[in-house]
file coords.csv (CSV, C-alpha atoms)
chain,number,residue,atom,x,y,z
A,1,MET,CA,78.5,26.1,-79.4
A,2,ILE,CA,74.7,26.2,-79.5
A,3,PHE,CA,74.7,23.1,-81.8
A,4,ARG,CA,77.0,21.3,-79.3
A,5,ALA,CA,74.7,22.2,-76.4
A,6,VAL,CA,71.7,20.8,-78.3
A,7,GLU,CA,73.7,17.6,-79.0
A,8,ASP,CA,74.6,17.3,-75.3
A,9,ALA,CA,70.9,17.7,-74.4
A,10,ASP,CA,70.0,14.9,-76.7
A,11,LEU,CA,72.7,12.7,-75.3
A,12,ILE,CA,71.6,13.4,-71.8
A,13,ARG,CA,68.0,12.5,-72.6
A,14,GLN,CA,69.1,9.2,-74.3
A,15,ALA,CA,71.5,8.4,-71.4
A,16,ALA,CA,68.7,9.1,-68.9
A,17,ARG,CA,66.7,6.4,-70.8
A,18,GLY,CA,69.5,3.9,-70.2
A,19,SER,CA,71.7,4.4,-73.3
A,20,VAL,CA,75.2,3.7,-72.1
A,21,GLU,CA,76.6,4.6,-75.5
A,22,SER,CA,75.2,8.1,-75.3
A,23,TYR,CA,76.5,8.5,-71.8
A,24,ASN,CA,79.9,7.3,-73.0
A,25,LEU,CA,80.0,9.9,-75.6
A,26,LEU,CA,78.9,12.5,-73.1
A,27,VAL,CA,81.8,11.4,-70.8
A,28,SER,CA,84.3,11.7,-73.6
A,29,ARG,CA,83.3,15.3,-74.2
A,30,TRP,CA,83.4,16.3,-70.5
A,31,GLU,CA,86.1,14.1,-68.9
A,32,LYS,CA,89.0,16.4,-69.7
A,33,ARG,CA,87.4,19.5,-68.3
A,34,VAL,CA,86.2,17.8,-65.2
A,35,TYR,CA,89.6,16.1,-64.6
A,36,ASN,CA,91.4,19.5,-65.0
A,37,TYR,CA,89.0,21.2,-62.6
A,38,LEU,CA,89.6,18.5,-60.0
A,39,LEU,CA,93.3,18.5,-60.7
A,40,ARG,CA,93.5,22.2,-60.0
A,41,ILE,CA,91.6,22.0,-56.8
A,42,THR,CA,93.2,18.8,-55.5
A,43,THR,CA,96.7,19.3,-57.1
A,44,ASN,CA,97.1,15.6,-57.3
A,45,ARG,CA,96.7,13.6,-60.5
A,46,GLU,CA,95.6,10.3,-58.9
A,47,ASP,CA,93.0,12.0,-56.7
A,48,ALA,CA,91.8,13.9,-59.7
A,49,LEU,CA,91.4,10.8,-61.8
A,50,ASP,CA,89.7,8.8,-59.0
A,51,LEU,CA,87.4,11.7,-58.3
A,52,THR,CA,86.6,12.1,-62.0
A,53,GLN,CA,85.6,8.4,-62.2
A,54,ASP,CA,83.4,8.8,-59.1
A,55,VAL,CA,81.8,12.0,-60.5
A,56,PHE,CA,80.8,10.4,-63.8
A,57,LEU,CA,79.5,7.3,-62.0
A,58,LYS,CA,77.4,9.4,-59.6
A,59,ALA,CA,76.2,11.5,-62.5
A,60,TYR,CA,75.1,8.5,-64.4
A,61,GLN,CA,73.2,7.1,-61.4
A,62,ASN,CA,71.4,10.4,-60.9
A,63,LEU,CA,70.9,11.5,-64.4
A,64,ARG,CA,67.2,11.1,-64.3
A,65,LYS,CA,67.0,13.6,-61.5
A,66,LEU,CA,68.4,16.3,-63.8
A,67,ASP,CA,65.2,18.2,-64.9
A,68,ASP,CA,66.8,20.6,-67.4
A,69,PRO,CA,69.6,19.1,-69.6
A,70,GLY,CA,70.7,22.7,-70.3
A,71,ARG,CA,72.0,22.8,-66.8
A,72,PHE,CA,74.1,19.7,-67.2
A,73,ALA,CA,77.5,21.5,-66.9
A,74,ALA,CA,76.6,23.2,-63.6
A,75,TRP,CA,75.0,20.0,-62.3
A,76,LEU,CA,78.1,17.9,-63.2
A,77,TYR,CA,80.5,20.4,-61.6
A,78,ARG,CA,78.3,20.5,-58.5
A,79,ILE,CA,78.8,16.8,-58.2
A,80,ALA,CA,82.6,17.2,-58.8
A,81,HIS,CA,82.8,19.9,-56.1
A,82,ASN,CA,80.9,17.8,-53.6
A,83,GLU,CA,83.1,14.8,-54.3
A,84,ALA,CA,86.3,16.8,-53.9
A,85,PHE,CA,85.3,18.4,-50.7
A,86,SER,CA,84.0,15.1,-49.3
A,87,MET,CA,87.4,13.7,-50.0
A,88,PHE,CA,89.1,16.6,-48.2
A,89,ARG,CA,86.8,16.1,-45.2
A,90,LYS,CA,87.5,12.4,-45.0
A,91,ARG,CA,91.2,13.0,-45.0
A,92,ARG,CA,91.2,15.8,-42.5
A,93,PRO,CA,87.9,15.6,-40.6
A,94,GLU,CA,89.0,17.9,-37.8
A,95,THR,CA,89.9,20.7,-40.1
A,96,ASP,CA,87.7,23.7,-40.7
A,97,VAL,CA,86.1,24.0,-44.2
A,98,ASP,CA,88.2,27.2,-45.0
A,99,GLU,CA,91.3,25.2,-44.4
A,100,LEU,CA,90.2,22.2,-46.5
A,101,GLU,CA,92.9,22.4,-49.1
A,102,PRO,CA,95.8,20.4,-50.3
A,103,THR,CA,99.1,21.5,-48.8
A,104,PRO,CA,100.6,24.3,-51.0
A,105,THR,CA,104.1,23.8,-52.1
A,106,GLU,CA,106.6,26.3,-53.4
A,107,THR,CA,107.6,23.9,-56.1
A,108,GLY,CA,104.2,23.7,-57.7
A,109,VAL,CA,101.9,20.7,-58.2
A,110,THR,CA,103.6,17.5,-57.3
A,111,VAL,CA,102.8,13.9,-57.9
A,112,GLY,CA,105.0,11.3,-56.3
A,113,GLY,CA,107.6,13.9,-55.5
A,114,SER,CA,108.0,15.1,-59.2
A,115,SER,CA,106.9,18.4,-60.4
A,116,VAL,CA,104.0,18.5,-62.9
A,117,PHE,CA,104.8,22.0,-64.2
A,118,PRO,CA,108.5,22.6,-64.4
A,119,MET,CA,108.4,26.0,-66.1
A,120,GLU,CA,109.3,29.0,-63.9
A,121,LEU,CA,106.1,30.8,-64.6
A,122,SER,CA,104.0,27.7,-64.1
A,123,LEU,CA,105.7,27.2,-60.8
A,124,ALA,CA,104.9,30.8,-59.8
A,125,VAL,CA,101.3,30.3,-60.8
A,126,SER,CA,101.0,27.0,-59.0
A,127,GLY,CA,102.5,28.6,-55.9
A,128,ALA,CA,100.2,31.6,-56.0
A,129,LEU,CA,97.2,29.4,-56.5
A,130,GLY,CA,98.4,27.1,-53.7
A,131,ARG,CA,98.5,30.1,-51.3
A,132,LEU,CA,94.8,30.8,-51.9
A,133,SER,CA,92.2,29.2,-49.7
A,134,ALA,CA,90.4,26.2,-51.2
A,135,GLU,CA,87.3,28.3,-51.8
A,136,GLN,CA,89.2,31.1,-53.4
A,137,ARG,CA,91.1,28.8,-55.6
A,138,GLU,CA,88.0,27.0,-56.7
A,139,ALA,CA,86.3,30.3,-57.6
A,140,VAL,CA,89.3,31.1,-59.8
A,141,VAL,CA,89.3,27.7,-61.4
A,142,LEU,CA,85.6,27.8,-62.2
A,143,LYS,CA,85.7,31.4,-63.5
A,144,ILE,CA,89.1,31.7,-65.3
A,145,TYR,CA,89.8,28.1,-66.4
A,146,GLN,CA,86.3,26.7,-66.8
A,147,GLY,CA,84.5,29.9,-67.9
A,148,PHE,CA,81.4,29.7,-65.8
A,149,LYS,CA,79.1,32.7,-65.2
A,150,PHE,CA,78.5,33.9,-61.7
A,151,GLU,CA,75.0,32.4,-61.6
A,152,GLU,CA,76.4,29.0,-62.6
A,153,MET,CA,79.1,29.2,-60.0
A,154,ALA,CA,76.6,30.1,-57.4
A,155,GLU,CA,74.7,26.9,-58.4
A,156,ILE,CA,77.8,24.8,-58.4
A,157,LEU,CA,79.0,26.0,-55.0
A,158,SER,CA,75.6,26.4,-53.6
A,159,CYS,CA,76.1,29.9,-52.3
A,160,PRO,CA,75.0,33.5,-53.3
A,161,VAL,CA,76.5,35.4,-56.2
A,162,SER,CA,77.7,38.0,-53.7
A,163,THR,CA,79.8,35.3,-51.9
A,164,ILE,CA,81.2,34.1,-55.3
A,165,LYS,CA,82.2,37.7,-56.2
A,166,SER,CA,83.8,38.3,-52.8
A,167,ARG,CA,85.9,35.1,-53.0
A,168,LEU,CA,86.9,35.7,-56.7
A,169,TYR,CA,87.8,39.4,-56.2
A,170,THR,CA,89.9,38.7,-53.2
A,171,ALA,CA,91.6,35.9,-55.0
A,172,LEU,CA,92.3,38.1,-58.0
A,173,GLU,CA,93.8,40.8,-55.8
A,174,LEU,CA,96.2,38.2,-54.3
A,175,LEU,CA,97.1,36.7,-57.6
A,176,LYS,CA,97.5,40.1,-59.2
A,177,THR,CA,100.0,41.1,-56.5
A,178,GLU,CA,102.0,37.9,-57.0
A,179,LEU,CA,101.7,37.2,-60.7
A,180,ALA,CA,101.4,40.5,-62.6
A,181,PRO,CA,105.0,41.5,-61.8
A,182,VAL,CA,106.2,37.9,-62.4
A,183,LYS,CA,104.3,37.8,-65.7
A,184,ALA,CA,105.6,41.2,-66.7
A,185,ARG,CA,109.2,40.0,-66.2
A,186,GLY,CA,108.5,36.7,-67.9
A,187,VAL,CA,106.9,38.2,-70.9
A,188,SER,CA,109.1,41.2,-71.5
B,1,MET,CA,90.3,52.0,-56.0
B,2,SER,CA,88.8,52.1,-59.5
B,3,CYS,CA,86.9,55.2,-60.7
B,4,SER,CA,85.1,53.2,-63.5
B,5,PRO,CA,81.4,53.8,-63.8
B,6,PHE,CA,80.8,50.0,-63.4
B,7,ASP,CA,82.8,47.3,-61.7
B,8,LEU,CA,86.1,47.0,-63.6
B,9,LYS,CA,86.5,43.3,-62.4
B,10,GLU,CA,83.1,42.5,-63.7
B,11,TYR,CA,84.1,44.0,-67.1
B,12,PHE,CA,87.3,42.0,-67.0
B,13,LEU,CA,85.4,38.8,-66.2
B,14,LYS,CA,82.9,39.5,-69.0
B,15,GLU,CA,79.9,39.6,-66.7
B,16,LEU,CA,78.7,43.1,-67.6
B,17,PRO,CA,75.9,43.6,-70.2
B,18,ILE,CA,77.1,45.0,-73.5
B,19,PRO,CA,76.0,48.7,-72.9
B,20,GLN,CA,77.7,48.8,-69.5
B,21,ALA,CA,80.8,47.1,-70.9
B,22,ALA,CA,80.9,49.7,-73.6
B,23,GLN,CA,80.8,52.5,-71.0
B,24,VAL,CA,83.6,50.9,-69.1
B,25,GLU,CA,85.7,50.5,-72.2
B,26,ALA,CA,85.3,54.1,-73.1
B,27,HIS,CA,86.3,55.1,-69.5
B,28,VAL,CA,89.4,52.9,-69.5
B,29,ASN,CA,90.6,54.5,-72.7
B,30,MET,CA,90.6,57.8,-71.0
B,31,CYS,CA,91.6,56.9,-67.4
B,32,SER,CA,95.2,55.8,-66.9
B,33,GLY,CA,94.6,54.4,-63.4
B,34,CYS,CA,91.8,52.1,-64.6
B,35,ARG,CA,93.8,51.2,-67.7
B,36,GLU,CA,96.8,50.1,-65.5
B,37,GLU,CA,94.4,48.1,-63.3
B,38,LEU,CA,92.9,46.4,-66.2
B,39,ASP,CA,96.3,45.6,-67.7
B,40,ARG,CA,97.4,44.0,-64.4
B,41,LEU,CA,94.3,41.9,-64.4
B,42,GLN,CA,94.9,40.8,-67.9
B,43,LEU,CA,98.5,40.0,-67.1
B,44,THR,CA,97.3,37.9,-64.2
B,45,GLU,CA,94.9,36.1,-66.4
B,46,ALA,CA,97.7,35.4,-69.0
B,47,ALA,CA,99.9,34.1,-66.2
B,48,LEU,CA,97.2,31.8,-65.0
B,49,PHE,CA,96.7,30.4,-68.5
B,50,SER,CA,100.4,29.3,-68.5
B,51,LEU,CA,99.0,26.3,-66.6
B,52,ARG,CA,97.6,24.4,-69.5
B,53,ASP,CA,94.9,21.8,-69.3
B,54,GLU,CA,96.4,18.3,-69.0
B,55,GLU,CA,95.2,15.3,-71.0
B,56,ILE,CA,93.4,12.8,-68.8
B,57,PRO,CA,95.9,10.0,-68.1
B,58,GLN,CA,93.3,7.3,-68.5
B,59,ARG,CA,90.0,7.4,-70.3
B,60,ILE,CA,86.9,7.0,-68.1
B,61,ALA,CA,85.6,3.5,-69.0
B,62,PHE,CA,81.9,2.9,-69.2
B,63,VAL,CA,80.8,0.5,-71.9
B,64,SER,CA,83.0,-2.3,-70.7
B,65,ASP,CA,82.5,-1.5,-67.1
B,66,LYS,CA,80.1,-3.9,-65.4
B,67,ILE,CA,78.8,-1.4,-63.0
B,68,PHE,CA,77.4,0.7,-65.8
B,69,GLU,CA,75.6,-2.2,-67.4
B,70,PRO,CA,71.8,-2.5,-66.9
B,71,SER,CA,70.8,-5.1,-64.4
B,72,PRO,CA,70.7,-8.8,-65.5
B,73,ILE,CA,66.9,-8.8,-65.4
B,74,ARG,CA,66.7,-5.7,-67.6
B,75,ARG,CA,69.3,-7.2,-70.0
B,76,TRP,CA,67.4,-10.5,-70.2
B,77,LEU,CA,64.1,-8.7,-70.7
B,78,SER,CA,65.5,-6.5,-73.5
B,79,ALA,CA,67.0,-9.6,-75.2
B,80,PHE,CA,63.8,-11.6,-74.8
B,81,TRP,CA,61.4,-9.0,-76.0
B,82,GLY,CA,63.8,-8.0,-78.8
B,83,GLN,CA,63.2,-11.1,-80.8
B,84,SER,CA,59.9,-11.6,-82.6
B,85,ALA,CA,60.1,-15.4,-82.4
B,86,ARG,CA,60.4,-15.3,-78.7
B,87,LEU,CA,57.6,-12.8,-78.6
B,88,GLY,CA,55.4,-15.2,-80.5
B,89,PHE,CA,56.3,-18.0,-78.2
B,90,ALA,CA,55.5,-15.9,-75.2
B,91,SER,CA,52.1,-15.0,-76.7
B,92,ALA,CA,51.3,-18.6,-77.4
B,93,ALA,CA,52.4,-19.5,-73.8
B,94,MET,CA,50.2,-16.8,-72.4
B,95,LEU,CA,47.2,-17.9,-74.4
B,96,SER,CA,47.7,-21.5,-73.3
B,97,ALA,CA,48.0,-20.4,-69.7
B,98,ALA,CA,44.8,-18.3,-70.0
B,99,ILE,CA,42.9,-21.3,-71.5
B,100,VAL,CA,44.1,-23.6,-68.7
B,101,PHE,CA,43.3,-21.0,-66.1
B,102,SER,CA,39.8,-20.5,-67.4
B,103,SER,CA,39.1,-24.2,-67.6
B,104,VAL,CA,40.3,-24.9,-64.1
B,105,TYR,CA,39.0,-21.9,-62.2
B,106,LYS,CA,35.8,-20.9,-64.1
B,107,SER,CA,32.5,-22.8,-64.1
B,108,ALA,CA,30.5,-23.5,-67.2
B,109,PRO,CA,30.9,-20.4,-69.4
B,110,ALA,CA,27.8,-18.2,-69.4
B,111,PRO,CA,26.7,-17.2,-72.8
B,112,SER,CA,28.1,-13.8,-73.5
B,113,PRO,CA,28.3,-11.7,-76.5
B,114,GLY,CA,32.1,-11.9,-76.7
B,115,PRO,CA,34.1,-12.3,-79.9
B,116,ALA,CA,33.6,-15.4,-82.0
B,117,VAL,CA,37.1,-16.7,-81.3
B,118,ILE,CA,36.6,-16.6,-77.5
B,119,GLN,CA,33.2,-18.4,-77.9
B,120,ARG,CA,34.8,-21.1,-80.0
B,121,VAL,CA,37.6,-21.6,-77.4
B,122,ALA,CA,35.1,-21.7,-74.6
B,123,ALA,CA,33.1,-24.3,-76.6
B,124,VAL,CA,36.1,-26.5,-77.1
B,125,VAL,CA,37.2,-26.4,-73.5
B,126,PRO,CA,35.3,-28.9,-71.4
B,127,THR,CA,33.9,-28.2,-67.9
B,128,PRO,CA,35.4,-30.0,-64.9
B,129,GLU,CA,32.2,-32.1,-64.6
B,130,GLU,CA,32.6,-33.2,-68.2
B,131,ILE,CA,36.2,-34.0,-67.7
B,132,GLN,CA,35.2,-36.1,-64.6
B,133,ALA,CA,32.5,-37.9,-66.6
B,134,ARG,CA,34.9,-38.6,-69.4
B,135,ILE,CA,37.5,-39.9,-66.9
B,136,ASP,CA,34.8,-42.1,-65.3
B,137,ALA,CA,33.7,-43.5,-68.6
B,138,ALA,CA,37.3,-44.1,-69.7
B,139,VAL,CA,38.0,-46.0,-66.4
B,140,ALA,CA,34.8,-48.1,-66.7
B,141,LYS,CA,35.7,-48.9,-70.3
B,142,SER,CA,39.2,-49.9,-69.3
B,143,VAL,CA,37.9,-52.1,-66.5
B,144,ASP,CA,35.4,-53.8,-68.9
B,145,GLN,CA,38.2,-54.4,-71.4
B,146,ALA,CA,40.4,-55.8,-68.7
B,147,LEU,CA,37.7,-58.1,-67.4
B,148,THR,CA,36.9,-59.3,-70.9
B,149,LYS,CA,40.5,-59.9,-71.5
B,150,SER,CA,40.8,-61.8,-68.3
B,151,GLU,CA,37.8,-64.0,-69.2
B,152,LYS,CA,39.3,-64.7,-72.6
B,153,SER,CA,42.6,-65.6,-71.0
B,154,ARG,CA,40.9,-68.0,-68.6
B,155,GLN,CA,39.0,-69.7,-71.4
B,156,LEU,CA,42.2,-70.0,-73.4
B,157,VAL,CA,44.0,-71.6,-70.5
B,158,ALA,CA,41.1,-74.1,-70.1
B,159,ASP,CA,41.2,-74.9,-73.8
B,160,LEU,CA,44.9,-75.4,-73.6
B,161,THR,CA,44.6,-77.7,-70.6
B,162,ARG,CA,41.9,-79.7,-72.3
B,163,ALA,CA,44.0,-80.0,-75.4
B,164,ASN,CA,47.0,-81.1,-73.3
B,165,GLU,CA,44.9,-83.8,-71.6
B,166,GLN,CA,43.7,-85.1,-75.0
B,167,ALA,CA,47.2,-85.1,-76.2
B,168,GLN,CA,48.3,-87.0,-73.2
B,169,ALA,CA,45.5,-89.5,-73.6
B,170,MET,CA,46.4,-90.0,-77.3
B,171,LEU,CA,50.0,-90.5,-76.2
B,172,VAL,CA,49.1,-93.1,-73.7
B,173,ARG,CA,46.9,-94.9,-76.2
B,174,ALA,CA,49.8,-94.8,-78.8
B,175,MET,CA,52.2,-96.1,-76.2
B,176,GLY,CA,49.8,-99.0,-75.5
B,177,GLU,CA,49.5,-99.8,-79.2
B,178,ILE,CA,53.2,-99.8,-79.5
B,179,GLU,CA,53.5,-102.1,-76.6
B,180,MET,CA,51.0,-104.5,-78.0
B,181,TYR,CA,52.8,-104.4,-81.3
B,182,GLN,CA,56.1,-105.2,-79.7
B,183,LYS,CA,54.6,-108.2,-77.8
B,184,HIS,CA,53.0,-109.5,-81.0
B,185,GLN,CA,56.4,-109.3,-82.6
B,186,GLN,CA,58.1,-111.2,-79.8
B,187,VAL,CA,55.5,-114.0,-80.0
B,188,HIS,CA,56.0,-114.2,-83.7
B,189,ASN,CA,59.8,-114.4,-83.3
B,190,LEU,CA,59.5,-117.2,-80.7
B,191,ALA,CA,57.3,-119.1,-83.0
B,192,ASN,CA,59.9,-118.9,-85.8
B,193,TYR,CA,62.7,-120.2,-83.5
B,194,THR,CA,60.8,-123.2,-82.2
B,195,GLN,CA,59.5,-124.5,-85.7
B,196,PRO,CA,61.9,-126.9,-87.8
B,197,PRO,CA,63.4,-125.4,-90.9
B,198,PRO,CA,61.5,-126.3,-94.0
B,199,PRO,CA,63.0,-129.2,-96.1
B,200,THR,CA,65.4,-128.3,-98.9
B,201,GLY,CA,66.0,-130.0,-102.4
B,202,GLU,CA,69.3,-131.7,-101.4
B,203,ASP,CA,67.5,-134.0,-98.9
B,204,LYS,CA,65.4,-135.6,-101.7

call {"tool": "encode", "arguments": {"input": "coords.csv", "output": "structure tokens"}}
result
Amino acid sequence: MIFRAVEDADLIRQAARGSVESYNLLVSRWEKRVYNYLLRITTNREDALDLTQDVFLKAYQNLRKLDDPGRFAAWLYRIAHNEAFSMFRKRRPETDVDELEPTPTETGVTVGGSSVFPMELSLAVSGALGRLSAEQREAVVLKIYQGFKFEEMAEILSCPVSTIKSRLYTALELLKTELAPVKARGVS
Amino acid sequence: MSCSPFDLKEYFLKELPIPQAAQVEAHVNMCSGCREELDRLQLTEAALFSLRDEEIPQRIAFVSDKIFEPSPIRRWLSAFWGQSARLGFASAAMLSAAIVFSSVYKSAPAPSPGPAVIQRVAAVVPTPEEIQARIDAAVAKSVDQALTKSEKSRQLVADLTRANEQAQAMLVRAMGEIEMYQKHQQVHNLANYTQPPPPTGEDK
């Protein structure tokens, strides 16, 4: 993991000096994670793919502004967060930030009318995640799926750690209420 | 409500330092309420992980994408400066430009303790006055040569005219002589017709 981080730092430095090949390699390492992060907060594959493209384009254009290559992940996710919420605002400009979220569906994540996750448990998880607010869902995605620390999440979301904790704990309580019994039934 | 010495959710989310995490772990082993709470959190997490990461449907393209390429000027510069032959050519061009610039915009070079090469170059390069003098001399020489050539041509034409006149005179003289000869011949022929034929041997 440390070796990988050093390698990423080298690639970032080379890419900042204009090496497209280095940046291409960097993209190949991060594109799947960024895409899945965006997929879980937008619940739409096409939007997630378009946003992923925009994120890496914007990151390349601003790579020289990144002072510390060790903070690349948080910096990249910050761009992704901004791009996603910018898209939400453009689509529903009159809506309050707390309500900036894709429409939750009881049938899970859908693309063109077809279900992405057909399994019963997956549907239940998708439904539970869909019922969270956009901010709560993003906190869960960043912590549970992407494995960021509170400080990194605070940097990505540009808010205090206390706010992060509040959003995450509330989300976990809601998810626990819905999913723990479901999981218990599904597993046993 | 948890009775754990430290935040149970922070322990679950692996945000506690190791000593505090150890204390929570010890507490959870003894407290059934906290054990149950932790179990539910872990079940929730396991359920969340039933949503697996998807493969990205389409790779993010960069190398072939024009928008990610350096600007045309940057590409041209890198291609230009990347070749030693072009670099040499550029150096020669810059040196030539410097020589021309110094010859046009600088007056006679003041003696300076510069490198020998520069002094040699300065000595070879003429001043504008010298260039003007050379041009004037070259023009005067060309004018002289043109005048000389013109004089020679005139003389040649005169010679040719004279020769032509002489030839014409000779021709007239020859014509006169031919005419005289023809007249002589006619007189001689007439004389032959008028005289009796000489006597032959049969008449005797």

call {"tool": "residues_around", "arguments": {"input": "coords.csv", "residues": "stretch 10-15 of chain A", "least_positions_apart": "6", "cutoff": "8 Å", "atoms": "all atoms listed in the file", "output": "ChimeraX atom specification"}}
result
/A:21-23,25-26,60,63,69

call {"tool": "atom_distance", "arguments": {"input": "coords.csv", "atom1": "atom CA of A:Lys143", "atom2": "atom CA of B:Glu54"}}
result
17.8 Å

call {"tool": "residues_around", "arguments": {"input": "coords.csv", "residues": "A:Leu51", "least_positions_apart": "3", "cutoff": "7 Å", "atoms": "all atoms listed in the file", "output": "MDAnalysis selection string"}}
result
chainID A and resid 47:48 54:55 83:84

call {"tool": "interface_residues", "arguments": {"input": "coords.csv", "of": "chain A", "to": "chain B", "cutoff": "7 Å", "atoms": "only C-alpha atoms", "output": "number ranges by chain"}}
result
A: 20-21, 24, 32, 35-36, 53, 122, 125, 175-176, 179-180, 183

call {"tool": "write_last_selection", "arguments": {"input": "coords.csv", "atoms": "C-alpha atoms", "output": "PDB file, in the frame of the given file"}}
result
ATOM      1  CA  VAL A  20      75.200   3.700 -72.100  1.00  0.00           C
ATOM      2  CA  GLU A  21      76.600   4.600 -75.500  1.00  0.00           C
ATOM      3  CA  ASN A  24      79.900   7.300 -73.000  1.00  0.00           C
ATOM      4  CA  LYS A  32      89.000  16.400 -69.700  1.00  0.00           C
ATOM      5  CA  TYR A  35      89.600  16.100 -64.600  1.00  0.00           C
ATOM      6  CA  ASN A  36      91.400  19.500 -65.000  1.00  0.00           C
ATOM      7  CA  GLN A  53      85.600   8.400 -62.200  1.00  0.00           C
ATOM      8  CA  SER A 122     104.000  27.700 -64.100  1.00  0.00           C
ATOM      9  CA  VAL A 125     101.300  30.300 -60.800  1.00  0.00           C
ATOM     10  CA  LEU A 175      97.100  36.700 -57.600  1.00  0.00           C
ATOM     11  CA  LYS A 176      97.500  40.100 -59.200  1.00  0.00           C
ATOM     12  CA  LEU A 179     101.700  37.200 -60.700  1.00  0.00           C
ATOM     13  CA  ALA A 180     101.400  40.500 -62.600  1.00  0.00           C
ATOM     14  CA  LYS A 183     104.300  37.800 -65.700  1.00  0.00           C
TER      15      LYS A 183
END

call {"tool": "closest_residue", "arguments": {"input": "coords.csv", "among": "A:Ser166, A:Ser158, A:Thr43, A:Asn82", "to": "A:Leu129", "atoms": "only C-alpha atoms"}}
result
A:Thr43

call {"tool": "atom_distance", "arguments": {"input": "coords.csv", "atom1": "atom CA of A:Leu142", "atom2": "atom CA of A:Ile156"}}
result
9.2 Å

call {"tool": "atom_distance", "arguments": {"input": "coords.csv", "atom1": "atom CA of B:Ile18", "atom2": "atom CA of A:Tyr169"}}
result
21.1 Å

call {"tool": "closest_residue", "arguments": {"input": "coords.csv", "among": "A:Glu120, A:Glu173, A:Glu155, A:Glu31", "to": "B:Leu38", "atoms": "only C-alpha atoms"}}
result
A:Glu173

call {"tool": "residues_around", "arguments": {"input": "coords.csv", "residues": "A:Arg167", "least_positions_apart": "5", "cutoff": "8 Å", "atoms": "all atoms listed in the file", "output": "list in words"}}
result
Glu135, Gln136 and Ala139 of chain A

call {"tool": "residues_around", "arguments": {"input": "coords.csv", "residues": "A:Asn62", "least_positions_apart": "4", "cutoff": "12 Å", "atoms": "only C-alpha atoms", "output": "number ranges by chain"}}
result
A: 12, 15-18, 55-58, 66-67, 72, 75-76, 79

call {"tool": "write_last_selection", "arguments": {"input": "coords.csv", "atoms": "C-alpha atoms", "output": "PDB file, keeping the file's coordinate frame"}}
result
ATOM      1  CA  ILE A  12      71.600  13.400 -71.800  1.00  0.00           C
ATOM      2  CA  ALA A  15      71.500   8.400 -71.400  1.00  0.00           C
ATOM      3  CA  ALA A  16      68.700   9.100 -68.900  1.00  0.00           C
ATOM      4  CA  ARG A  17      66.700   6.400 -70.800  1.00  0.00           C
ATOM      5  CA  GLY A  18      69.500   3.900 -70.200  1.00  0.00           C
ATOM      6  CA  VAL A  55      81.800  12.000 -60.500  1.00  0.00           C
ATOM      7  CA  PHE A  56      80.800  10.400 -63.800  1.00  0.00           C
ATOM      8  CA  LEU A  57      79.500   7.300 -62.000  1.00  0.00           C
ATOM      9  CA  LYS A  58      77.400   9.400 -59.600  1.00  0.00           C
ATOM     10  CA  LEU A  66      68.400  16.300 -63.800  1.00  0.00           C
ATOM     11  CA  ASP A  67      65.200  18.200 -64.900  1.00  0.00           C
ATOM     12  CA  PHE A  72      74.100  19.700 -67.200  1.00  0.00           C
ATOM     13  CA  TRP A  75      75.000  20.000 -62.300  1.00  0.00           C
ATOM     14  CA  LEU A  76      78.100  17.900 -63.200  1.00  0.00           C
ATOM     15  CA  ILE A  79      78.800  16.800 -58.200  1.00  0.00           C
TER      16      ILE A  79
END

call {"tool": "closest_residue", "arguments": {"input": "coords.csv", "among": "A:Val141, A:Pro160, A:Lys149, A:Glu46", "to": "A:Leu172", "atoms": "only C-alpha atoms"}}
result
A:Val141
